>>> print(open('coords_18.cif').read())   # mmCIF, C-alpha atoms, pLDDT in the B column; chains and numbers go by the auth columns
data_work
loop_
_atom_site.group_PDB
_atom_site.id
_atom_site.type_symbol
_atom_site.label_atom_id
_atom_site.label_comp_id
_atom_site.label_asym_id
_atom_site.label_seq_id
_atom_site.Cartn_x
_atom_site.Cartn_y
_atom_site.Cartn_z
_atom_site.B_iso_or_equiv
_atom_site.auth_seq_id
_atom_site.auth_asym_id
ATOM 1 C CA MET A 1 118.879 228.190 131.783 62.00 15 A
ATOM 2 C CA LYS A 2 119.729 227.296 128.203 79.00 16 A
ATOM 3 C CA ARG A 3 117.181 224.888 126.740 87.00 17 A
ATOM 4 C CA LYS A 4 118.259 221.638 125.073 88.00 18 A
ATOM 5 C CA TRP A 5 118.573 220.959 121.385 90.00 19 A
ATOM 6 C CA ASN A 6 115.367 219.230 120.238 93.00 20 A
ATOM 7 C CA TRP A 7 117.060 216.848 117.809 94.00 21 A
ATOM 8 C CA PRO A 8 114.005 214.762 116.746 95.00 22 A
ATOM 9 C CA LEU A 9 112.553 217.850 115.051 95.00 23 A
ATOM 10 C CA TRP A 10 115.658 218.343 112.915 95.00 24 A
ATOM 11 C CA PHE A 11 116.084 214.659 112.133 96.00 25 A
ATOM 12 C CA GLY A 12 112.397 214.212 111.392 96.00 26 A
ATOM 13 C CA PHE A 13 112.445 217.127 108.965 96.00 27 A
ATOM 14 C CA VAL A 14 115.567 215.870 107.168 96.00 28 A
ATOM 15 C CA VAL A 15 114.104 212.362 106.929 96.00 29 A
ATOM 16 C CA ALA A 16 110.812 213.677 105.505 96.00 30 A
ATOM 17 C CA VAL A 17 112.615 215.778 102.856 96.00 31 A
ATOM 18 C CA GLY A 18 114.798 212.766 102.080 96.00 32 A
ATOM 19 C CA GLY A 19 111.656 210.666 101.729 94.00 33 A
ATOM 20 C CA LEU A 20 110.369 212.861 98.919 94.00 34 A
ATOM 21 C CA PHE A 21 113.668 212.789 97.022 94.00 35 A
ATOM 22 C CA SER A 22 114.154 209.059 97.623 94.00 36 A
ATOM 23 C CA TYR A 23 111.231 208.349 95.292 93.00 37 A
ATOM 24 C CA GLU A 24 113.306 209.352 92.297 91.00 38 A
ATOM 25 C CA PHE A 25 115.589 206.434 93.159 94.00 39 A
ATOM 26 C CA PHE A 26 112.949 203.917 94.222 94.00 40 A
ATOM 27 C CA ALA A 27 110.773 204.659 91.173 90.00 41 A
ATOM 28 C CA GLN A 28 113.359 202.787 89.110 88.00 42 A
ATOM 29 C CA PHE A 29 112.332 199.424 90.557 90.00 43 A
ATOM 30 C CA PRO A 30 108.870 197.892 90.049 88.00 44 A
ATOM 31 C CA THR A 31 108.697 196.538 93.622 91.00 45 A
ATOM 32 C CA THR A 32 109.153 199.991 95.153 93.00 46 A
ATOM 33 C CA ARG A 33 107.279 201.857 92.393 91.00 47 A
ATOM 34 C CA ASP A 34 104.061 199.866 91.870 90.00 48 A
ATOM 35 C CA PHE A 35 103.278 200.680 95.492 92.00 49 A
ATOM 36 C CA PRO A 36 105.794 203.190 96.950 94.00 50 A
ATOM 37 C CA TRP A 37 106.073 201.458 100.320 95.00 51 A
ATOM 38 C CA VAL A 38 109.711 202.397 101.020 96.00 52 A
ATOM 39 C CA THR A 39 109.039 206.088 100.421 96.00 53 A
ATOM 40 C CA LEU A 40 105.921 205.944 102.617 96.00 54 A
ATOM 41 C CA LEU A 41 107.948 204.177 105.319 96.00 55 A
ATOM 42 C CA ILE A 42 110.566 206.947 105.240 97.00 56 A
ATOM 43 C CA PHE A 43 107.816 209.578 105.526 97.00 57 A
ATOM 44 C CA GLY A 44 106.421 207.589 108.466 97.00 58 A
ATOM 45 C CA VAL A 45 109.764 207.636 110.296 97.00 59 A
ATOM 46 C CA GLY A 46 110.050 211.381 109.681 97.00 60 A
ATOM 47 C CA ALA A 47 106.527 211.961 110.989 97.00 61 A
ATOM 48 C CA ALA A 48 107.211 209.907 114.142 97.00 62 A
ATOM 49 C CA LEU A 49 110.359 211.931 114.894 97.00 63 A
ATOM 50 C CA LEU A 50 108.536 215.211 114.312 97.00 64 A
ATOM 51 C CA VAL A 51 105.723 214.159 116.648 96.00 65 A
ATOM 52 C CA ILE A 52 108.253 213.194 119.350 96.00 66 A
ATOM 53 C CA GLY A 53 109.971 216.552 118.885 96.00 67 A
ATOM 54 C CA LEU A 54 106.689 218.471 119.105 96.00 68 A
ATOM 55 C CA PHE A 55 105.701 216.605 122.278 95.00 69 A
ATOM 56 C CA ARG A 56 109.012 217.660 123.802 94.00 70 A
ATOM 57 C CA ALA A 57 108.710 221.268 122.630 94.00 71 A
ATOM 58 C CA PHE A 58 105.141 221.773 123.768 94.00 72 A
ATOM 59 C CA GLY A 59 105.137 219.352 126.722 93.00 73 A
ATOM 60 C CA ARG A 60 108.335 220.540 128.364 93.00 74 A
ATOM 61 C CA PRO A 61 108.987 223.974 126.848 91.00 75 A
ATOM 62 C CA GLN A 62 111.229 224.968 129.768 91.00 76 A
ATOM 63 C CA LEU A 63 113.562 222.080 128.830 92.00 77 A
ATOM 64 C CA TYR A 64 113.360 221.840 125.023 92.00 78 A
ATOM 65 C CA ARG A 65 113.401 224.326 122.180 91.00 79 A
ATOM 66 C CA GLY A 66 111.362 224.123 119.020 90.00 80 A
ATOM 67 C CA LYS A 67 107.791 225.318 119.541 92.00 81 A
ATOM 68 C CA ILE A 68 107.956 227.675 116.583 93.00 82 A
ATOM 69 C CA PHE A 69 110.487 226.087 114.230 92.00 83 A
ATOM 70 C CA GLY A 70 109.124 222.643 115.093 94.00 84 A
ATOM 71 C CA SER A 71 105.676 223.710 113.955 95.00 85 A
ATOM 72 C CA VAL A 72 107.135 225.225 110.792 96.00 86 A
ATOM 73 C CA PHE A 73 109.171 222.073 110.054 95.00 87 A
ATOM 74 C CA THR A 74 106.170 219.843 110.635 96.00 88 A
ATOM 75 C CA THR A 75 103.958 221.944 108.374 96.00 89 A
ATOM 76 C CA ILE A 76 106.537 221.901 105.555 96.00 90 A
ATOM 77 C CA ALA A 77 107.039 218.139 105.981 96.00 91 A
ATOM 78 C CA PHE A 78 103.300 217.573 105.854 96.00 92 A
ATOM 79 C CA LEU A 79 102.990 219.662 102.671 96.00 93 A
ATOM 80 C CA LEU A 80 105.787 217.626 101.051 96.00 94 A
ATOM 81 C CA PHE A 81 103.976 214.438 101.998 96.00 95 A
ATOM 82 C CA ALA A 82 100.672 215.798 100.662 96.00 96 A
ATOM 83 C CA PHE A 83 102.428 216.679 97.384 96.00 97 A
ATOM 84 C CA PHE A 84 103.843 213.160 97.133 96.00 98 A
ATOM 85 C CA ALA A 85 100.523 211.503 97.968 95.00 99 A
ATOM 86 C CA TYR A 86 98.673 213.704 95.469 95.00 100 A
ATOM 87 C CA GLY A 87 101.196 212.766 92.792 92.00 101 A
ATOM 88 C CA THR A 88 101.319 209.027 93.387 91.00 102 A
ATOM 89 C CA PHE A 89 97.725 208.366 94.405 91.00 103 A
ATOM 90 C CA TYR A 90 95.925 210.854 92.158 92.00 104 A
ATOM 91 C CA VAL A 91 97.980 212.261 89.258 90.00 105 A
ATOM 92 C CA LEU A 92 99.519 208.903 88.274 90.00 106 A
ATOM 93 C CA ARG A 93 96.038 207.384 88.112 91.00 107 A
ATOM 94 C CA GLN A 94 94.712 209.905 85.598 89.00 108 A
ATOM 95 C CA VAL A 95 94.994 207.508 82.663 92.00 109 A
ATOM 96 C CA PRO A 96 92.673 207.596 79.636 92.00 110 A
ATOM 97 C CA LEU A 97 90.141 204.779 79.394 91.00 111 A
ATOM 98 C CA SER A 98 91.319 203.508 75.986 93.00 112 A
ATOM 99 C CA ALA A 99 87.913 201.920 75.443 92.00 113 A
ATOM 100 C CA GLN A 100 88.602 201.432 71.712 94.00 114 A
ATOM 101 C CA ALA A 101 91.964 199.716 72.199 95.00 115 A
ATOM 102 C CA PRO A 102 92.198 196.355 70.402 95.00 116 A
ATOM 103 C CA ARG A 103 90.776 193.579 72.552 96.00 117 A
ATOM 104 C CA VAL A 104 91.699 189.956 72.981 96.00 118 A
ATOM 105 C CA GLY A 105 90.677 188.062 69.841 95.00 119 A
ATOM 106 C CA GLU A 106 90.753 191.156 67.608 96.00 120 A
ATOM 107 C CA LYS A 107 93.397 191.842 64.956 96.00 121 A
ATOM 108 C CA ALA A 108 96.149 194.216 66.066 96.00 122 A
ATOM 109 C CA PRO A 109 96.161 197.258 63.730 97.00 123 A
ATOM 110 C CA GLU A 110 98.951 197.143 61.164 96.00 124 A
ATOM 111 C CA PHE A 111 101.698 199.788 61.306 97.00 125 A
ATOM 112 C CA SER A 112 105.073 200.662 59.875 97.00 126 A
ATOM 113 C CA LEU A 113 107.340 202.909 61.935 97.00 127 A
ATOM 114 C CA PRO A 114 111.062 203.784 61.962 98.00 128 A
ATOM 115 C CA ASP A 115 113.205 202.181 64.659 97.00 129 A
ATOM 116 C CA GLN A 116 116.144 203.826 66.460 97.00 130 A
ATOM 117 C CA ASN A 117 118.312 203.365 63.341 97.00 131 A
ATOM 118 C CA GLY A 118 115.727 204.842 60.995 96.00 132 A
ATOM 119 C CA LYS A 119 114.819 201.455 59.512 96.00 133 A
ATOM 120 C CA LEU A 120 111.107 200.922 58.927 97.00 134 A
ATOM 121 C CA VAL A 121 109.632 198.103 61.001 97.00 135 A
ATOM 122 C CA ALA A 122 106.120 196.838 60.248 97.00 136 A
ATOM 123 C CA LEU A 123 103.940 194.815 62.583 97.00 137 A
ATOM 124 C CA ALA A 124 104.053 192.023 59.981 96.00 138 A
ATOM 125 C CA ASP A 125 107.876 191.912 60.308 95.00 139 A
ATOM 126 C CA LEU A 126 107.566 191.392 64.058 97.00 140 A
ATOM 127 C CA LEU A 127 104.962 188.632 63.996 96.00 141 A
ATOM 128 C CA SER A 128 107.018 185.781 62.605 90.00 142 A
ATOM 129 C CA PRO A 129 107.702 183.213 63.815 94.00 143 A
ATOM 130 C CA ASN A 130 105.634 183.349 66.979 94.00 144 A
ATOM 131 C CA GLY A 131 104.128 186.779 67.563 96.00 145 A
ATOM 132 C CA ALA A 132 105.200 189.978 69.284 97.00 146 A
ATOM 133 C CA VAL A 133 104.863 192.000 72.451 97.00 147 A
ATOM 134 C CA LEU A 134 104.079 195.683 71.795 98.00 148 A
ATOM 135 C CA ILE A 135 104.956 198.085 74.578 98.00 149 A
ATOM 136 C CA PHE A 136 103.525 201.602 74.354 97.00 150 A
ATOM 137 C CA TYR A 137 105.379 204.017 76.632 96.00 151 A
ATOM 138 C CA ARG A 138 105.329 207.688 77.493 94.00 152 A
ATOM 139 C CA GLY A 139 108.733 208.462 76.030 92.00 153 A
ATOM 140 C CA HIS A 140 111.575 210.747 77.000 82.00 154 A
ATOM 141 C CA ARG A 141 111.263 213.449 74.333 69.00 155 A
ATOM 142 C CA MET B 1 111.358 198.316 79.667 89.00 29 B
ATOM 143 C CA ARG B 2 114.626 197.567 81.398 90.00 30 B
ATOM 144 C CA SER B 3 113.067 194.427 82.850 93.00 31 B
ATOM 145 C CA PHE B 4 111.985 193.339 79.341 96.00 32 B
ATOM 146 C CA GLN B 5 115.506 193.949 78.002 97.00 33 B
ATOM 147 C CA LYS B 6 116.935 191.825 80.845 95.00 34 B
ATOM 148 C CA ARG B 7 114.717 188.905 79.825 96.00 35 B
ATOM 149 C CA LEU B 8 114.864 189.521 76.071 97.00 36 B
ATOM 150 C CA SER B 9 116.560 186.166 75.473 96.00 37 B
ATOM 151 C CA GLU B 10 113.532 184.383 76.933 96.00 38 B
ATOM 152 C CA PHE B 11 111.275 186.112 74.399 97.00 39 B
ATOM 153 C CA THR B 12 113.732 185.377 71.585 96.00 40 B
ATOM 154 C CA ALA B 13 113.848 181.708 72.625 96.00 41 B
ATOM 155 C CA ARG B 14 110.049 181.584 72.177 95.00 42 B
ATOM 156 C CA GLY B 15 110.262 183.220 68.747 96.00 43 B
ATOM 157 C CA VAL B 16 108.551 186.358 70.027 97.00 44 B
ATOM 158 C CA HIS B 17 109.734 189.862 69.076 97.00 45 B
ATOM 159 C CA LEU B 18 109.556 192.882 71.346 97.00 46 B
ATOM 160 C CA ALA B 19 108.901 196.410 70.105 98.00 47 B
ATOM 161 C CA ALA B 20 108.342 199.607 72.073 98.00 48 B
ATOM 162 C CA ILE B 21 106.396 202.553 70.649 98.00 49 B
ATOM 163 C CA SER B 22 106.369 206.203 71.743 97.00 50 B
ATOM 164 C CA VAL B 23 106.230 209.716 70.277 97.00 51 B
ATOM 165 C CA ASP B 24 110.009 210.108 70.664 96.00 52 B
ATOM 166 C CA SER B 25 111.981 210.919 67.524 96.00 53 B
ATOM 167 C CA VAL B 26 114.381 208.461 65.863 97.00 54 B
ATOM 168 C CA GLU B 27 117.287 210.548 67.224 96.00 55 B
ATOM 169 C CA ILE B 28 116.044 210.426 70.808 96.00 56 B
ATOM 170 C CA ASN B 29 115.361 206.704 70.486 97.00 57 B
ATOM 171 C CA HIS B 30 118.832 206.142 69.080 97.00 58 B
ATOM 172 C CA GLY B 31 120.480 207.858 72.040 96.00 59 B
ATOM 173 C CA HIS B 32 118.130 206.272 74.539 95.00 60 B
ATOM 174 C CA ALA B 33 118.672 202.761 73.166 96.00 61 B
ATOM 175 C CA GLN B 34 122.442 203.226 73.357 95.00 62 B
ATOM 176 C CA LYS B 35 122.345 204.663 76.870 95.00 63 B
ATOM 177 C CA MET B 36 120.025 201.974 78.227 94.00 64 B
ATOM 178 C CA GLY B 37 121.386 199.109 76.150 95.00 65 B
ATOM 179 C CA PHE B 38 118.040 198.384 74.491 96.00 66 B
ATOM 180 C CA THR B 39 118.529 195.988 71.586 96.00 67 B
ATOM 181 C CA PHE B 40 114.875 195.591 70.570 97.00 68 B
ATOM 182 C CA PRO B 41 113.307 198.202 68.251 97.00 69 B
ATOM 183 C CA LEU B 42 112.174 201.511 69.751 98.00 70 B
ATOM 184 C CA LEU B 43 109.666 202.737 67.193 98.00 71 B
ATOM 185 C CA SER B 44 109.050 206.420 66.618 97.00 72 B
ATOM 186 C CA ASP B 45 105.398 207.417 66.203 97.00 73 B
ATOM 187 C CA ALA B 46 105.970 211.179 66.241 95.00 74 B
ATOM 188 C CA ASP B 47 102.590 212.052 64.694 95.00 75 B
ATOM 189 C CA THR B 48 100.756 209.634 67.078 96.00 76 B
ATOM 190 C CA SER B 49 98.933 207.968 64.162 97.00 77 B
ATOM 191 C CA VAL B 50 99.637 204.432 65.395 97.00 78 B
ATOM 192 C CA ILE B 51 99.133 205.407 69.036 97.00 79 B
ATOM 193 C CA ARG B 52 95.681 206.741 68.078 97.00 80 B
ATOM 194 C CA ARG B 53 94.901 203.635 66.021 97.00 81 B
ATOM 195 C CA TYR B 54 95.486 201.601 69.193 97.00 82 B
ATOM 196 C CA ASP B 55 93.496 204.157 71.240 97.00 83 B
ATOM 197 C CA VAL B 56 96.335 204.586 73.717 97.00 84 B
ATOM 198 C CA LEU B 57 96.728 208.356 73.288 96.00 85 B
ATOM 199 C CA HIS B 58 97.099 210.402 76.464 95.00 86 B
ATOM 200 C CA ARG B 59 96.114 213.919 75.436 94.00 87 B
ATOM 201 C CA GLY B 60 98.232 216.766 76.783 92.00 88 B
ATOM 202 C CA ALA B 61 100.199 214.503 79.131 91.00 89 B
ATOM 203 C CA GLY B 62 103.603 215.366 77.673 91.00 90 B
ATOM 204 C CA PRO B 63 105.984 217.956 79.134 89.00 91 B
ATOM 205 C CA LYS B 64 104.708 220.721 76.846 89.00 92 B
ATOM 206 C CA ASN B 65 101.119 219.509 77.052 91.00 93 B
ATOM 207 C CA ASN B 66 101.757 217.546 73.879 94.00 94 B
ATOM 208 C CA ASP B 67 99.966 214.270 73.219 95.00 95 B
ATOM 209 C CA ILE B 68 101.896 211.129 74.165 96.00 96 B
ATOM 210 C CA ALA B 69 101.175 207.421 74.549 96.00 97 B
ATOM 211 C CA ARG B 70 99.808 206.090 77.822 96.00 98 B
ATOM 212 C CA PRO B 71 101.550 202.951 79.082 96.00 99 B
ATOM 213 C CA ALA B 72 99.973 199.851 77.491 97.00 100 B
ATOM 214 C CA GLU B 73 101.162 196.384 76.500 97.00 101 B
ATOM 215 C CA PHE B 74 99.773 193.980 73.893 97.00 102 B
ATOM 216 C CA CYS B 75 100.705 190.372 73.189 97.00 103 B
ATOM 217 C CA VAL B 76 99.975 189.522 69.549 97.00 104 B
ATOM 218 C CA ASP B 77 100.201 186.029 68.075 95.00 105 B
ATOM 219 C CA ALA B 78 101.754 185.084 64.720 95.00 106 B
ATOM 220 C CA ASN B 79 98.449 185.736 62.908 96.00 107 B
ATOM 221 C CA GLY B 80 98.253 189.263 64.285 96.00 108 B
ATOM 222 C CA THR B 81 95.492 188.419 66.760 96.00 109 B
ATOM 223 C CA VAL B 82 95.648 190.062 70.170 96.00 110 B
ATOM 224 C CA GLN B 83 96.240 187.485 72.921 95.00 111 B
ATOM 225 C CA TRP B 84 96.548 189.778 75.915 96.00 112 B
ATOM 226 C CA VAL B 85 96.043 193.461 76.686 96.00 113 B
ATOM 227 C CA ASN B 86 97.394 195.287 79.696 96.00 114 B
ATOM 228 C CA LEU B 87 95.929 198.767 80.230 96.00 115 B
ATOM 229 C CA THR B 88 97.284 200.004 83.530 93.00 116 B
ATOM 230 C CA GLU B 89 95.220 202.219 85.835 92.00 117 B
ATOM 231 C CA ASN B 90 98.376 203.747 87.268 92.00 118 B
ATOM 232 C CA ILE B 91 101.104 205.224 85.078 91.00 119 B
ATOM 233 C CA ALA B 92 103.761 203.962 87.504 90.00 120 B
ATOM 234 C CA VAL B 93 102.553 200.346 87.289 91.00 121 B
ATOM 235 C CA ARG B 94 103.648 198.597 84.073 92.00 122 B
ATOM 236 C CA ALA B 95 103.450 195.050 82.808 93.00 123 B
ATOM 237 C CA ARG B 96 106.295 192.820 83.922 94.00 124 B
ATOM 238 C CA PRO B 97 108.019 190.467 81.500 95.00 125 B
ATOM 239 C CA GLU B 98 106.882 187.407 83.427 94.00 126 B
ATOM 240 C CA GLN B 99 103.241 188.359 82.755 93.00 127 B
ATOM 241 C CA ALA B 100 103.829 188.447 78.989 95.00 128 B
ATOM 242 C CA LEU B 101 105.931 185.251 79.101 95.00 129 B
ATOM 243 C CA SER B 102 103.195 183.346 80.895 94.00 130 B
ATOM 244 C CA VAL B 103 100.620 184.530 78.305 92.00 131 B
ATOM 245 C CA ILE B 104 102.893 183.333 75.502 92.00 132 B
ATOM 246 C CA ASP B 105 103.505 180.003 77.224 92.00 133 B
ATOM 247 C CA SER B 106 99.834 179.294 77.903 89.00 134 B
ATOM 248 C CA ALA B 107 98.885 180.216 74.307 82.00 135 B
ATOM 249 C CA ASN B 108 101.569 177.899 72.924 76.00 136 B
ATOM 250 C CA GLY B 109 100.752 175.120 75.376 68.00 137 B
ATOM 251 C CA GLY B 110 97.108 175.285 74.336 52.00 138 B
ATOM 252 C CA ARG B 111 97.920 175.089 70.635 48.00 139 B
ATOM 253 C CA ARG B 112 100.641 172.450 70.975 43.00 140 B
ATOM 254 C CA ASP B 113 102.680 173.823 68.106 45.00 141 B
#
>>> encode(input="coords_18.cif", output="structure tokens")
Amino acid sequence: MKRKWNWPLWFGFVVAVGGLFSYEFFAQFPTTRDFPWVTLLIFGVGAALLVIGLFRAFGRPQLYRGKIFGSVFTTIAFLLFAFFAYGTFYVLRQVPLSAQAPRVGEKAPEFSLPDQNGKLVALADLLSPNGAVLIFYRGHR
Amino acid sequence: MRSFQKRLSEFTARGVHLAAISVDSVEINHGHAQKMGFTFPLLSDADTSVIRRYDVLHRGAGPKNNDIARPAEFCVDANGTVQWVNLTENIAVRARPEQALSVIDSANGGRRD
């Protein structure tokens, strides 16, 4: 007898891979980047489908396919998730202490730097009439 | 930074300038500002001298292990005194414009000027 297609394994794998790539999109928005809940939710759906598929493959192997490729899919999906979790919960938190950064009440260090048109802009130019917000960022190089 | 550009008029209305600082060159900043529609100054600190003066250097964190700035935001008043510092513990989590606006508003409300 030909065994049935174990679709949750395939769908779960595709969803998990999609979850990893979805972060590139969701990282654009603070609400889905500060804590990547949408990406984690997608991984969760993928994991649930893979578990259902594995239960079918191992529980009723005479009826469903997928013992071997289901295990391979699940392992790959788990590694992708581990990579994502390592990146977002460990690598992104490796930020220097900046213990000597100017504190509230201290004078902000003066500077003069070229803007995007090559014109020099000094901190003093930015302060009038009512102060400035300085945003340091990683850059695009 | 996109969120700050979106609310730039609210900073302008309060007489507050925005400026963003990174190690990117003037050329990269020029292209980036055009592409993203940034109208506030993107300042080029290629030799990291200002980034180091503010102690916001992230050593070796660039794509070729070069030194870059870590994300950090400072609100400075008209006298050059720091009013608010935001040093994130997660590179993905940045200050939002409403945080800076509320700092500016409470400082101005307190001074009544």
>>> resolve_selection(input="coords_18.cif", expression="the PyMOL selection byres ((chain A) within 7 of (chain B))", output="PDB file with C-alpha atoms, in the frame of the given file")
ATOM      1  CA  ARG A  47     107.279 201.857  92.393  1.00 91.00           C
ATOM      2  CA  ASP A  48     104.061 199.866  91.870  1.00 90.00           C
ATOM      3  CA  LEU A 106      99.519 208.903  88.274  1.00 90.00           C
ATOM      4  CA  ARG A 107      96.038 207.384  88.112  1.00 91.00           C
ATOM      5  CA  VAL A 109      94.994 207.508  82.663  1.00 92.00           C
ATOM      6  CA  PRO A 110      92.673 207.596  79.636  1.00 92.00           C
ATOM      7  CA  SER A 112      91.319 203.508  75.986  1.00 93.00           C
ATOM      8  CA  GLN A 114      88.602 201.432  71.712  1.00 94.00           C
ATOM      9  CA  ALA A 115      91.964 199.716  72.199  1.00 95.00           C
ATOM     10  CA  PRO A 116      92.198 196.355  70.402  1.00 95.00           C
ATOM     11  CA  ARG A 117      90.776 193.579  72.552  1.00 96.00           C
ATOM     12  CA  VAL A 118      91.699 189.956  72.981  1.00 96.00           C
ATOM     13  CA  GLY A 119      90.677 188.062  69.841  1.00 95.00           C
ATOM     14  CA  GLU A 120      90.753 191.156  67.608  1.00 96.00           C
ATOM     15  CA  LYS A 121      93.397 191.842  64.956  1.00 96.00           C
ATOM     16  CA  ALA A 122      96.149 194.216  66.066  1.00 96.00           C
ATOM     17  CA  PRO A 123      96.161 197.258  63.730  1.00 97.00           C
ATOM     18  CA  PHE A 125     101.698 199.788  61.306  1.00 97.00           C
ATOM     19  CA  LEU A 127     107.340 202.909  61.935  1.00 97.00           C
ATOM     20  CA  PRO A 128     111.062 203.784  61.962  1.00 98.00           C
ATOM     21  CA  ASP A 129     113.205 202.181  64.659  1.00 97.00           C
ATOM     22  CA  GLN A 130     116.144 203.826  66.460  1.00 97.00           C
ATOM     23  CA  ASN A 131     118.312 203.365  63.341  1.00 97.00           C
ATOM     24  CA  GLY A 132     115.727 204.842  60.995  1.00 96.00           C
ATOM     25  CA  LEU A 140     107.566 191.392  64.058  1.00 97.00           C
ATOM     26  CA  LEU A 141     104.962 188.632  63.996  1.00 96.00           C
ATOM     27  CA  SER A 142     107.018 185.781  62.605  1.00 90.00           C
ATOM     28  CA  PRO A 143     107.702 183.213  63.815  1.00 94.00           C
ATOM     29  CA  ASN A 144     105.634 183.349  66.979  1.00 94.00           C
ATOM     30  CA  GLY A 145     104.128 186.779  67.563  1.00 96.00           C
ATOM     31  CA  ALA A 146     105.200 189.978  69.284  1.00 97.00           C
ATOM     32  CA  VAL A 147     104.863 192.000  72.451  1.00 97.00           C
ATOM     33  CA  LEU A 148     104.079 195.683  71.795  1.00 98.00           C
ATOM     34  CA  ILE A 149     104.956 198.085  74.578  1.00 98.00           C
ATOM     35  CA  PHE A 150     103.525 201.602  74.354  1.00 97.00           C
ATOM     36  CA  TYR A 151     105.379 204.017  76.632  1.00 96.00           C
ATOM     37  CA  ARG A 152     105.329 207.688  77.493  1.00 94.00           C
ATOM     38  CA  GLY A 153     108.733 208.462  76.030  1.00 92.00           C
ATOM     39  CA  HIS A 154     111.575 210.747  77.000  1.00 82.00           C
ATOM     40  CA  ARG A 155     111.263 213.449  74.333  1.00 69.00           C
TER      41      ARG A 155
END
>>> residues_around(input="coords_18.cif", residues="Phe83 in chain A", least_positions_apart="5", cutoff="10 Å", atoms="all atoms listed in the file", output="number ranges by chain")
A: 23-24, 68, 71, 88-89
>>> residues_around(input="coords_18.cif", residues="Leu54 in chain A", least_positions_apart="2", cutoff="10 Å", atoms="only C-alpha atoms", output="list in words")
Ala30, Gly33, Leu34, Tyr37, Phe49, Pro50, Trp51, Val52, Ile56, Phe57, Gly58, Val59, Gly60, Phe95, Phe98 and Ala99 of chain A
>>> axis_aligned_box(input="coords_18.cif", around="range 142-146 of chain A", padding_each_side="6 Å", output="JSON")
{"center_x": 105.9, "center_y": 186.6, "center_z": 65.9, "size_x": 15.6, "size_y": 18.8, "size_z": 18.7}
>>> atom_distance(input="coords_18.cif", atom1="CA of Ala138 in chain A", atom2="CA of Glu124 in chain A")
7.3 Å
>>> atom_distance(input="coords_18.cif", atom1="CA of Gln42 in chain A", atom2="CA of Gly101 in chain A")
16.2 Å
>>> atom_distance(input="coords_18.cif", atom1="CA of Arg35 in chain B", atom2="CA of Lys63 in chain B")
17.8 Å
>>> resolve_selection(input="coords_18.cif", expression="the PyMOL selection byres ((chain A and resi 19) around 7)", output="number ranges by chain")
A: 17-18, 20-21, 78-79
>>> closest_residue(input="coords_18.cif", among="A:Ala96, A:Pro75, A:Val86, A:Leu64", to="Lys16 in chain A", atoms="all atoms listed in the file")
A:Pro75
